[in-house]
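Structure file start.txt (compact mmCIF, C-alpha atoms) is printed below.
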# COMPACT_ATOMS: atom_id res chain seq x y z
CA MET W 118 -8.30 11.49 10.43
CA GLN W 119 -10.63 14.03 11.96
CA ASN W 120 -14.05 14.81 10.55
CA SER W 121 -14.03 18.02 12.56
CA GLU W 122 -11.74 19.71 15.01
CA THR W 123 -13.32 17.91 17.94
CA GLN W 124 -14.65 14.61 16.55
CA LEU W 125 -12.61 11.64 15.39
CA GLU W 126 -13.86 9.40 12.62
CA LYS W 127 -15.40 6.16 13.91
CA ILE W 128 -14.79 2.91 12.05
CA TYR W 129 -16.76 -0.33 12.38
CA ILE W 130 -15.13 -3.57 11.19
CA ILE W 131 -16.63 -6.37 9.12
CA GLN W 132 -14.36 -9.36 9.84
CA PRO W 133 -14.87 -12.25 7.39
CA ILE W 134 -13.97 -15.75 8.59
CA THR W 135 -12.96 -17.99 5.69
CA ARG W 136 -11.21 -21.33 5.30
CA GLU W 137 -7.98 -19.44 4.56
CA ASN W 138 -8.00 -17.24 7.67
CA ALA W 139 -9.91 -19.44 10.14
CA GLU W 140 -6.84 -19.87 12.37
CA LYS W 141 -5.74 -16.23 12.32
CA TYR W 142 -8.88 -14.10 11.98
CA ARG W 143 -8.60 -12.92 15.58
CA VAL W 144 -5.07 -11.66 14.90
CA LEU W 145 -6.27 -9.98 11.69
CA GLN W 146 -9.08 -8.28 13.59
CA ALA W 147 -6.68 -7.04 16.27
CA GLU W 148 -4.37 -5.71 13.55
CA ALA W 149 -7.32 -3.92 11.96
CA VAL W 150 -7.98 -2.16 15.26
CA SER W 151 -4.33 -1.09 15.40
CA LEU W 152 -4.51 0.11 11.78
CA ILE W 153 -7.59 2.20 12.60
CA GLU W 154 -5.78 3.83 15.51
CA SER W 155 -2.68 4.40 13.36
CA ALA W 156 -4.88 6.20 10.84
CA GLY W 157 -6.03 8.59 13.57
CA ALA W 158 -9.56 7.19 13.81
CA VAL W 159 -11.55 5.44 16.55
CA TYR W 160 -12.51 1.75 16.65
CA ALA W 161 -16.29 1.43 16.98
CA GLY W 162 -16.85 -2.34 17.00
CA THR W 163 -16.69 -5.56 14.97
CA ILE W 164 -19.21 -7.86 13.34
CA TYR W 165 -17.97 -11.36 12.40
CA GLN W 166 -19.20 -13.43 9.47
CA ASN W 167 -18.45 -17.09 8.73
CA ILE W 168 -18.20 -17.42 4.96
CA ARG W 169 -18.45 -20.79 3.25
CA GLU W 170 -19.00 -19.32 -0.20
CA ILE W 171 -18.13 -15.76 -1.22
CA ASN W 172 -21.08 -13.68 -2.39
CA SER W 173 -19.93 -12.14 -5.69
CA ALA W 174 -22.07 -9.04 -5.14
CA THR W 175 -21.27 -8.21 -1.50
CA PHE W 176 -18.67 -10.83 -0.36
CA VAL W 177 -20.68 -11.35 2.86
CA GLY W 178 -24.33 -12.38 2.89
CA ALA W 179 -27.14 -9.84 2.69
CA GLY W 180 -28.52 -11.06 6.04
CA LYS W 181 -25.32 -10.13 7.87
CA LEU W 182 -25.32 -6.72 6.20
CA LEU W 183 -28.91 -6.12 7.34
CA GLU W 184 -27.82 -7.03 10.88
CA LEU W 185 -24.97 -4.53 10.60
CA LYS W 186 -27.37 -1.91 9.21
CA ASP W 187 -29.50 -2.28 12.35
CA ARG W 188 -26.43 -1.94 14.58
CA LEU W 189 -25.40 1.25 12.81
CA SER W 190 -28.90 2.69 12.69
CA GLY W 191 -28.85 6.33 13.74
CA LEU W 192 -25.06 6.61 13.41
CA ASP W 193 -24.51 8.91 10.45
CA GLU W 194 -20.82 9.72 10.85
CA ILE W 195 -19.36 6.22 10.75
CA THR W 196 -17.18 4.35 8.30
CA VAL W 197 -17.33 0.60 7.63
CA LEU W 198 -14.05 -1.27 7.18
CA PHE W 199 -14.13 -4.62 5.42
CA ASN W 200 -11.02 -6.38 6.76
CA GLY W 201 -10.05 -7.90 3.44
CA GLU W 202 -10.01 -6.78 -0.17
CA LEU W 203 -13.18 -5.78 -2.03
CA SER W 204 -13.85 -5.31 -5.72
CA PRO W 205 -15.21 -1.91 -6.83
CA ALA W 206 -18.68 -3.41 -7.34
CA GLN W 207 -18.68 -5.06 -3.90
CA THR W 208 -17.71 -1.76 -2.28
CA MET W 209 -20.61 0.03 -3.99
CA ASN W 210 -23.10 -2.72 -3.20
CA ILE W 211 -22.21 -2.91 0.51
CA SER W 212 -22.42 0.88 0.77
CA ALA W 213 -25.88 0.86 -0.87
CA LEU W 214 -27.17 -1.80 1.54
CA LEU W 215 -25.85 0.23 4.51
CA ASP W 216 -27.73 3.42 3.59
CA ASP W 217 -24.82 4.85 1.61
CA LYS W 218 -22.34 4.74 4.48
CA LYS W 219 -18.69 5.08 3.52
CA VAL W 220 -17.13 1.64 2.94
CA ILE W 221 -13.40 1.00 2.69
CA ASP W 222 -11.33 -2.17 2.63
CA ARG W 223 -8.04 -3.15 4.30
CA THR W 224 -5.89 -1.98 1.38
CA THR W 225 -7.52 1.45 1.34
CA LEU W 226 -6.86 1.82 5.07
CA ILE W 227 -3.20 0.79 4.75
CA LEU W 228 -2.71 3.20 1.86
CA ASP W 229 -4.21 5.97 3.98
CA ILE W 230 -1.65 5.30 6.74
CA PHE W 231 1.13 5.26 4.15
CA ALA W 232 -0.05 8.67 2.91
CA LYS W 233 -0.10 9.99 6.46
CA ASN W 234 3.41 8.78 7.29
CA ALA W 235 5.31 9.34 4.02
CA LYS W 236 7.78 12.18 4.57
CA SER W 237 10.39 11.92 1.80
CA SER W 238 9.67 12.90 -1.79
CA GLU W 239 10.23 9.29 -2.90
CA GLY W 240 7.88 7.97 -0.24
CA LYS W 241 5.17 10.40 -1.32
CA LEU W 242 5.62 9.41 -4.96
CA GLN W 243 5.28 5.72 -4.09
CA VAL W 244 2.18 6.31 -1.99
CA GLU W 245 0.47 8.35 -4.68
CA LEU W 246 1.31 5.77 -7.34
CA ALA W 247 -0.03 2.91 -5.20
CA GLN W 248 -3.23 4.85 -4.45
CA LEU W 249 -3.87 5.82 -8.05
CA LYS W 250 -3.30 2.25 -9.28
CA TYR W 251 -5.75 1.02 -6.67
CA LEU W 252 -8.31 3.75 -7.36
CA TYR W 253 -8.11 3.56 -11.15
CA PRO W 254 -10.38 0.51 -11.65
CA ARG W 255 -12.77 2.02 -9.08
CA LEU W 256 -13.46 5.04 -11.29
CA LYS W 257 -16.09 3.17 -13.29
CA GLY W 258 -19.54 4.63 -13.31
CA LYS W 259 -18.10 8.15 -12.96
CA GLY W 260 -16.77 7.30 -9.53
CA VAL W 261 -20.18 6.96 -7.86
CA ALA W 262 -18.80 4.88 -4.98
CA LEU W 263 -15.81 7.16 -4.49
CA SER W 264 -17.92 10.29 -4.52
CA ARG W 265 -19.54 8.98 -1.34
CA LEU W 266 -16.22 8.93 0.45
CA GLY W 267 -16.09 12.62 1.27
CA GLY W 268 -13.24 13.21 3.73
CA GLY W 269 -11.65 11.02 6.34
CA VAL W 270 -9.74 7.75 6.30
CA GLY W 271 -9.12 6.39 2.82
CA THR W 272 -9.05 9.78 1.08
CA ARG W 273 -5.59 11.09 1.96
CA GLY W 274 -2.95 11.38 -0.73
CA PRO W 275 -4.27 12.13 -4.21
CA GLY W 276 -7.36 13.71 -2.66
CA GLU W 277 -10.79 14.44 -4.07
CA THR W 278 -9.47 16.48 -6.96
CA GLN W 279 -7.79 13.38 -8.42
CA LEU W 280 -10.88 11.26 -7.84
CA GLU W 281 -12.96 13.66 -9.92
CA THR W 282 -10.62 13.71 -12.91
CA ASP W 283 -11.04 11.50 -15.98
CA ARG W 284 -9.33 8.15 -16.51
CA ARG W 285 -6.92 9.58 -19.09
CA TYR W 286 -5.48 12.02 -16.59
CA ILE W 287 -5.07 9.23 -14.04
CA ARG W 288 -3.25 7.06 -16.62
CA ASN W 289 -0.92 9.93 -17.50
CA ARG W 290 -0.23 10.64 -13.85
CA ILE W 291 0.57 6.96 -13.19
CA HIS W 292 2.97 6.97 -16.16
CA PHE W 293 4.66 10.14 -14.87
CA LEU W 294 5.08 8.74 -11.35
CA GLU W 295 6.48 5.45 -12.64
CA ASN W 296 9.13 7.32 -14.63
CA ARG W 297 10.07 9.46 -11.64
CA LEU W 298 10.50 6.36 -9.48
CA LYS W 299 12.65 4.70 -12.15
CA GLU W 300 15.00 7.66 -11.87
CA THR W 301 15.25 7.22 -8.09
CA GLU W 302 15.88 3.49 -8.58
CA LYS W 303 18.82 4.31 -10.87
CA ARG W 304 20.27 6.65 -8.25
CA ARG W 305 19.81 4.01 -5.56
CA ALA W 306 21.49 1.37 -7.74
CA PHE W 307 24.43 3.74 -8.25
CA GLN W 308 24.74 4.29 -4.49
CA THR W 309 24.62 0.53 -3.88
CA ALA W 310 27.34 -0.08 -6.47
CA ARG W 311 29.53 2.62 -4.89
CA ARG W 312 29.15 1.04 -1.45
CA LYS W 313 30.11 -2.35 -2.86
CA LYS W 314 33.17 -0.80 -4.51
CA ASN W 315 34.21 0.81 -1.22
CA ASN W 316 33.51 -2.50 0.55
CA THR W 317 31.07 -0.81 2.94
CA LYS W 318 28.87 -3.51 4.45
CA THR W 319 25.16 -2.83 4.84
CA ILE W 320 22.99 -4.25 7.64
CA ALA W 321 19.23 -3.95 7.20
CA LEU W 322 16.65 -3.92 9.98
CA ILE W 323 13.74 -5.89 8.53
CA GLY W 324 10.60 -7.25 10.08
CA TYR W 325 7.00 -6.89 11.05
CA THR W 326 5.66 -3.40 11.59
CA ASN W 327 5.85 -2.01 15.12
CA THR W 328 8.51 -4.42 16.43
CA GLY W 329 10.90 -1.64 17.45
CA LYS W 330 13.23 -1.43 14.43
CA SER W 331 13.46 2.38 14.52
CA THR W 332 14.08 2.35 18.28
CA MET W 333 16.95 -0.08 17.68
CA LEU W 334 18.38 2.17 14.96
CA ASN W 335 18.26 5.16 17.30
CA LEU W 336 19.94 3.22 20.11
CA LEU W 337 22.72 1.71 18.01
CA THR W 338 23.60 4.77 15.92
CA GLY W 339 22.49 7.76 17.98
CA ALA W 340 20.00 8.67 15.26
CA ASP W 341 16.80 10.56 15.94
CA VAL W 342 14.34 8.62 13.79
CA TYR W 343 10.64 9.13 14.55
CA THR W 344 9.22 6.31 16.68
CA LYS W 345 5.69 5.71 17.85
CA ASN W 346 3.71 2.71 19.06
CA GLU W 347 1.62 2.38 15.92
CA LEU W 348 1.68 0.40 12.68
CA PHE W 349 3.77 1.80 9.81
CA ALA W 350 5.07 4.70 11.92
CA THR W 351 8.23 4.54 9.77
CA LEU W 352 7.66 4.44 6.03
CA ASP W 353 10.76 5.99 4.49
CA PRO W 354 14.08 4.10 4.72
CA THR W 355 16.74 5.62 6.98
CA THR W 356 20.47 4.88 6.75
CA ARG W 357 22.99 5.66 9.50
CA LYS W 358 26.65 4.85 10.16
CA TYR W 359 27.11 2.01 12.68
CA ILE W 360 30.54 1.12 14.14
CA ILE W 361 31.42 -2.15 15.88
CA ASP W 362 34.97 -2.53 17.25
CA GLY W 363 36.24 0.09 14.83
CA THR W 364 34.58 -1.51 11.79
CA GLU W 365 32.15 0.74 9.97
CA PHE W 366 28.79 -0.51 8.67
CA LEU W 367 25.68 1.15 7.30
CA LEU W 368 22.53 0.32 9.27
CA VAL W 369 19.28 0.68 7.33
CA ASP W 370 15.77 0.89 8.79
CA THR W 371 13.01 -0.20 6.40
CA VAL W 372 9.23 -0.13 6.18
CA GLY W 373 7.60 -2.88 8.24
CA PHE W 374 5.63 -5.81 6.87
CA LEU W 375 2.12 -6.91 7.80
CA GLN W 376 0.21 -10.17 7.61
CA ASP W 377 -1.70 -10.50 4.33
CA LEU W 378 -0.13 -7.31 3.00
CA PRO W 379 -1.45 -7.14 -0.58
CA HIS W 380 1.21 -8.08 -3.10
CA HIS W 381 0.70 -4.95 -5.19
CA LEU W 382 1.54 -2.84 -2.13
CA ILE W 383 4.84 -4.70 -1.77
CA GLU W 384 5.52 -4.03 -5.44
CA ALA W 385 4.68 -0.34 -4.97
CA PHE W 386 7.43 -0.03 -2.36
CA HIS W 387 9.94 -2.20 -4.15
CA SER W 388 12.38 0.67 -4.72
CA THR W 389 12.30 1.59 -1.02
CA LEU W 390 13.00 -2.04 -0.11
CA GLU W 391 15.98 -2.25 -2.47
CA SER W 392 18.23 -1.42 0.49
CA ALA W 393 16.93 -4.52 2.26
CA LEU W 394 17.22 -6.78 -0.76
CA HIS W 395 20.85 -5.84 -1.43
CA CYS W 396 22.09 -5.77 2.17
CA ASP W 397 25.04 -7.89 3.30
CA LEU W 398 23.22 -8.98 6.46
CA ALA W 399 19.60 -8.67 7.60
CA LEU W 400 18.42 -8.46 11.18
CA ILE W 401 14.91 -9.96 11.24
CA VAL W 402 13.33 -8.10 14.17
CA CYS W 403 10.39 -9.71 16.01
CA ASP W 404 8.34 -8.65 19.03
CA ALA W 405 9.19 -11.04 21.88
CA THR W 406 5.87 -10.19 23.56
CA GLY W 407 3.74 -10.74 20.46
CA GLU W 408 2.99 -13.37 17.82
CA TYR W 409 6.67 -13.68 16.93
CA ASP W 410 6.32 -16.97 15.03
CA MET W 411 3.77 -15.36 12.72
CA GLN W 412 5.88 -12.19 12.43
CA MET W 413 8.99 -14.13 11.40
CA ARG W 414 7.02 -16.35 9.01
CA THR W 415 5.33 -13.34 7.38
CA THR W 416 8.62 -11.45 7.02
CA LEU W 417 10.53 -14.39 5.53
CA GLN W 418 7.67 -15.23 3.18
CA THR W 419 7.52 -11.63 1.95
CA LEU W 420 11.29 -11.53 1.46
CA GLU W 421 11.18 -14.82 -0.43
CA GLU W 422 8.60 -13.34 -2.81
CA MET W 423 11.05 -10.51 -3.45
CA HIS W 424 13.91 -13.00 -4.17
CA PHE W 425 15.87 -12.01 -1.07
CA SER W 426 18.98 -14.18 -0.57
CA SER W 427 21.23 -12.44 2.00
CA PRO W 428 22.17 -14.06 5.34
CA TYR W 429 20.14 -13.01 8.37
CA LEU W 430 19.99 -13.10 12.16
CA VAL W 431 16.71 -13.29 14.11
CA VAL W 432 16.46 -10.62 16.82
CA MET W 433 13.79 -10.86 19.53
CA ASN W 434 13.21 -7.26 20.66
CA LYS W 435 11.12 -6.10 23.67
CA SER W 436 12.42 -9.00 25.76
CA GLU W 437 13.06 -6.97 28.93
CA ASN W 438 10.30 -8.79 30.87
CA CYS W 439 10.92 -12.28 29.45
CA THR W 440 12.19 -15.03 31.74
CA ASP W 441 11.92 -18.10 29.48
CA PHE W 442 14.12 -17.59 26.42
CA SER W 443 13.99 -21.27 25.40
CA ARG W 444 10.68 -20.74 23.65
CA PHE W 445 12.24 -18.28 21.17
CA PRO W 446 13.38 -19.50 17.73
CA TYR W 447 16.63 -21.46 17.86
CA GLY W 448 19.69 -19.23 17.45
CA SER W 449 17.73 -16.01 17.92
CA ILE W 450 19.17 -13.11 19.91
CA ALA W 451 17.07 -11.59 22.70
CA VAL W 452 17.48 -7.83 23.12
CA SER W 453 15.67 -4.87 24.63
CA ALA W 454 16.04 -1.58 22.77
CA LYS W 455 14.01 0.06 25.55
CA GLU W 456 16.52 -0.94 28.26
CA ASN W 457 19.62 -1.35 26.07
CA LYS W 458 20.11 -5.04 26.89
CA GLY W 459 21.45 -7.93 24.81
CA PHE W 460 23.30 -5.84 22.23
CA ASP W 461 26.80 -7.03 23.17
CA ARG W 462 25.84 -10.51 21.97
CA LEU W 463 24.19 -9.07 18.85
CA LYS W 464 27.40 -7.20 17.99
CA ARG W 465 29.44 -10.39 18.47
CA GLU W 466 27.10 -12.33 16.19
CA ILE W 467 27.28 -9.60 13.53
CA MET W 468 31.08 -9.55 13.61
CA GLN W 469 31.22 -13.35 13.51
CA THR W 470 29.06 -13.27 10.38
CA PHE W 471 31.55 -10.97 8.67
CA GLN W 472 34.66 -12.48 10.29
CA LYS W 473 35.76 -14.35 7.20
CA GLU W 474 35.78 -11.10 5.24
CA TYR W 475 38.02 -9.09 7.61
CA LEU W 476 41.47 -9.37 9.17
CA ARG W 477 42.33 -7.76 12.52
CA CYS W 478 46.07 -7.19 12.54
CA GLU W 479 48.97 -5.07 13.68
CA LEU W 480 50.70 -2.94 11.04
CA PHE W 481 54.03 -1.15 11.08
CA VAL W 482 54.49 1.72 8.61
CA PRO W 483 58.00 3.28 8.41
CA TYR W 484 57.91 7.05 8.17
CA LYS W 485 59.59 6.89 4.75
CA ARG W 486 56.59 4.84 3.47
CA LEU W 487 53.96 7.08 5.08
CA SER W 488 53.06 8.80 1.81
CA ASP W 489 52.45 5.49 -0.02
CA TYR W 490 50.47 4.11 2.92
CA GLY W 491 48.37 7.29 3.09
CA LYS W 492 47.17 6.74 -0.49
CA GLN W 493 45.73 3.32 0.47
CA LYS W 494 44.60 3.67 4.08
CA HIS W 495 41.02 4.63 3.17
CA PHE W 496 40.51 0.92 2.40
CA ILE W 497 40.99 -0.06 6.07
CA THR W 498 39.82 0.92 9.55
CA GLU W 499 42.50 2.15 11.94
CA ASN W 500 41.49 1.13 15.47
CA SER W 501 44.53 2.70 17.16
CA VAL W 502 47.71 4.49 16.05
CA GLU W 503 50.96 4.77 18.05
CA TYR W 504 53.91 6.92 16.95
CA THR W 505 57.31 5.28 17.53
CA ASP W 506 60.85 6.40 16.74
CA ASP W 507 60.88 4.56 13.39
CA GLY W 508 57.25 4.70 12.22
CA LEU W 509 53.59 4.12 12.99
CA GLN W 510 52.34 1.05 14.86
CA ILE W 511 48.70 0.54 13.90
CA CYS W 512 45.98 -1.84 15.03
CA ALA W 513 43.71 -2.14 12.01
CA THR W 514 40.78 -4.01 10.48
CA ILE W 515 41.46 -4.88 6.84
CA PRO W 516 39.00 -6.35 4.32
CA VAL W 517 40.44 -9.66 3.11
CA ARG W 518 40.25 -8.45 -0.48
CA TYR W 519 42.87 -5.78 0.33
CA GLU W 520 45.25 -8.04 2.30
CA LYS W 521 47.88 -8.07 -0.46
CA VAL W 522 47.84 -4.26 -0.69
CA PHE W 523 48.97 -4.02 2.94
CA SER W 524 50.98 -7.26 3.19
CA GLU W 525 54.34 -5.46 3.52
CA TYR W 526 53.06 -3.60 6.60
CA ILE W 527 51.40 -6.55 8.41
CA LYS W 528 53.42 -7.70 11.43
CA LYS W 529 50.99 -10.08 13.05
CA LEU W 530 47.34 -11.08 13.11
CA LEU W 531 45.30 -10.27 16.18
Would you mind writing the file out in structure tokens?
Amino acid sequence: MQNSETQLEKIYIIQPITRENAEKYRVLQAEAVSLIESAGAVYAGTIYQNIREINSATFVGAGKLLELKDRLSGLDEITVLFNGELSPAQTMNISALLDDKKVIDRTTLILDIFAKNAKSSEGKLQVELAQLKYLYPRLKGKGVALSRLGGGVGTRGPGETQLETDRRYIRNRIHFLENRLKETEKRRAFQTARRKKNNTKTIALIGYTNTGKSTMLNLLTGADVYTKNELFATLDPTTRKYIIDGTEFLLVDTVGFLQDLPHHLIEAFHSTLESALHCDLALIVCDATGEYDMQMRTTLQTLEEMHFSSPYLVVMNKSENCTDFSRFPYGSIAVSAKENKGFDRLKREIMQTFQKEYLRCELFVPYKRLSDYGKQKHFITENSVEYTDDGLQICATIPVRYEKVFSEYIKKLL
């Protein structure tokens, strides 16, 4: 987010080190830097603080804040990011001790990126709802802390006009947005039921943010989904037709997960993630060059919280420069969407997963039965058709549930 046409907003990080994050605070700090860059701002530095006991007023100790105040002395146009979650009072108190500098927390920053990247009407509704629910308890005291925000990171979405309205308006707006999203959930549930009825299998690309899910979707389906090397570049779900050996699937790209992603943010995007929860197979995509164990653990933990129960395959993307594949999780599939490598095995694994639900066979349909066959053939996939003197010879893929419908035409299994 730009403060002017020529100057980018600078953000300085406060990184708390607690018992809970002692083993991963470096990763969290690195993610915060990536989040800052994804928001269109500039990373200005980090101050670390070991915390044995949380200060109820400021989370970190006053001494550390005075040290940070000295570091930032003379820098007027700078924002302070607390890489964790702050209460409204803590936000105000830290800002006051830092000469009224703008203070945001990790959730505010993530919401800002969501607002920047939401393109669909549903995505925008979800972002606004999540922001308003987060801002609502921070409107106490006539929004003194929020009035200091001005422009920049943390203020996209509802905007200043919403922040200046009364609590009743915010409550009404939240109620309105919730009802609108319930309508979209009903439509999505109807679409899911129709796909189940037509026996169309859905494969969902799920995983940590910035692991290359959208690049994989583009490669496998010929789609043109926006991709960029930044966190949460893709927010809205995208569905495209995907065909393997004549069998048609729907491939769905979903919003990425992040370590310590606040639970209420997951809830806010629950309707968007419905496609992932109800898929027939999930591809858990990890970055082979990154902290893939943490990525897989975070993704599976988040899915478990959402009561996900579908089968899944682990896909290690960005593996083009890897030489030792034994270190990857057992059974995982190494691919490179950048260089289009490893996808033959992935396709085989996908088909093997669904093998028990499909029959590959040779059909013979006499010309006199062509009309009857034509009424039913939308249930199957015709891989090849040959016209003979007496009828059609067809290589087809048939869902097991429709085997009896086509039993009179089946000549042999392939």
Requested in this report: One decimal, Å: what's the distance from atom CA of Leu394 of chain W over to atom CA of Ala321 of chain W, could you say?
Outcome: 8.7 Å
Query raised in the report: atom CA of Val144 of chain W to atom CA of Gly324 of chain W: how many Å, to one decimal?
Result: 17.0 Å
Query raised in the report: Between W:Gln510, W:Thr208, W:Asn296, W:Gln124, which has the minimum distance to Ile195 of chain W (counting all atoms listed in the file)?
Result: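 Between W:Gln510, W:Thr208, W:Asn296, W:Gln124, the residue approaching Ile195 of chain W most closely is W:Gln124.
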**Report entry** Test item: residues at most 7 Å from segment 211-224 of chain W, all atoms listed in the file, excluding those fewer than 4 positions along its chain, as JSON, numbers by chain
**Finding:** {"W": [175, 186, 196, 197, 198, 199, 200, 201, 202, 203, 207, 228, 265, 266, 271]}
Requested in this report: Compare W:Gln132, W:Thr498, W:Thr356, W:Ser427 by their minimum atom-to-atom distance to Asp397 of chain W, counting only C-alpha atoms, and give me the closest one.
Outcome: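 Using only C-alpha atoms, the shortest distance to Asp397 of chain W belongs to W:Ser427.
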Query - 12 Å contact set for Tyr359 of chain W, only C-alpha atoms, chain neighbours under 2 positions out, as number ranges by chain - result: W: 317-321, 333-340, 356-357, 361-369, 464, 467
Query raised in the report: Val177 of chain W: which residues within 9 Å, counting all atoms listed in the file, same-chain residues fewer than 3 positions away excluded, as a list in words?
Result: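 Close residues of Val177 of chain W: Ile131, Pro133, Gln166, Asn167, Ile168, Glu170, Ile171, Asn172, Ser173, Ala174, Gly180, Lys181, Leu182 and Ile211 of chain W.
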Requested in this report: Find the residue from W:Ile323, W:Val432, W:Glu408, W:Met413 that sits nearest to Asp370 of chain W; use all atoms listed in the file when measuring.
Outcome: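 Result for the nearest residue to Asp370 of chain W: W:Ile323.
Using all atoms listed in the file, the shortest contact distance between Leu390 of chain W and any of W:Pro483, W:Gly329, W:Gly373, W:Gly407 is found at W:Gly373.
Going from atom CA of Glu302 of chain W to atom CA of Asp229 of chain W covers 23.8 Å.
The smallest atom-to-atom distance between Val431 of chain W and any of W:Leu322, W:Ile497, W:Ile134, W:Leu531, using all atoms listed in the file, is found for W:Leu322.
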**Report entry** For Asn434 of chain W: contacts at 9 Å, all atoms listed in the file, fewer than 6 positions along chain excluded, given as a PyMOL selection string
**Finding:** chain W and resi 328-330+333+402-406+450-455
Query raised in the report: Can you list, as a VMD selection string, every protein, DNA or RNA residue that comes within 12 Å of Phe293 of chain W when you count only C-alpha atoms, leaving out same-chain residues fewer than 6 positions away?
Result: chain W and resid 242 to 243 245 to 246 249 286 to 287 299 to 300
Query raised in the report: Which one of W:Ala139, W:Leu252, W:Ala158, W:Ile128 sits closest to Leu192 of chain W if you count only C-alpha atoms?
Result: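 Comparing W:Ala139, W:Leu252, W:Ala158, W:Ile128 against Leu192 of chain W, the winner is W:Ile128.
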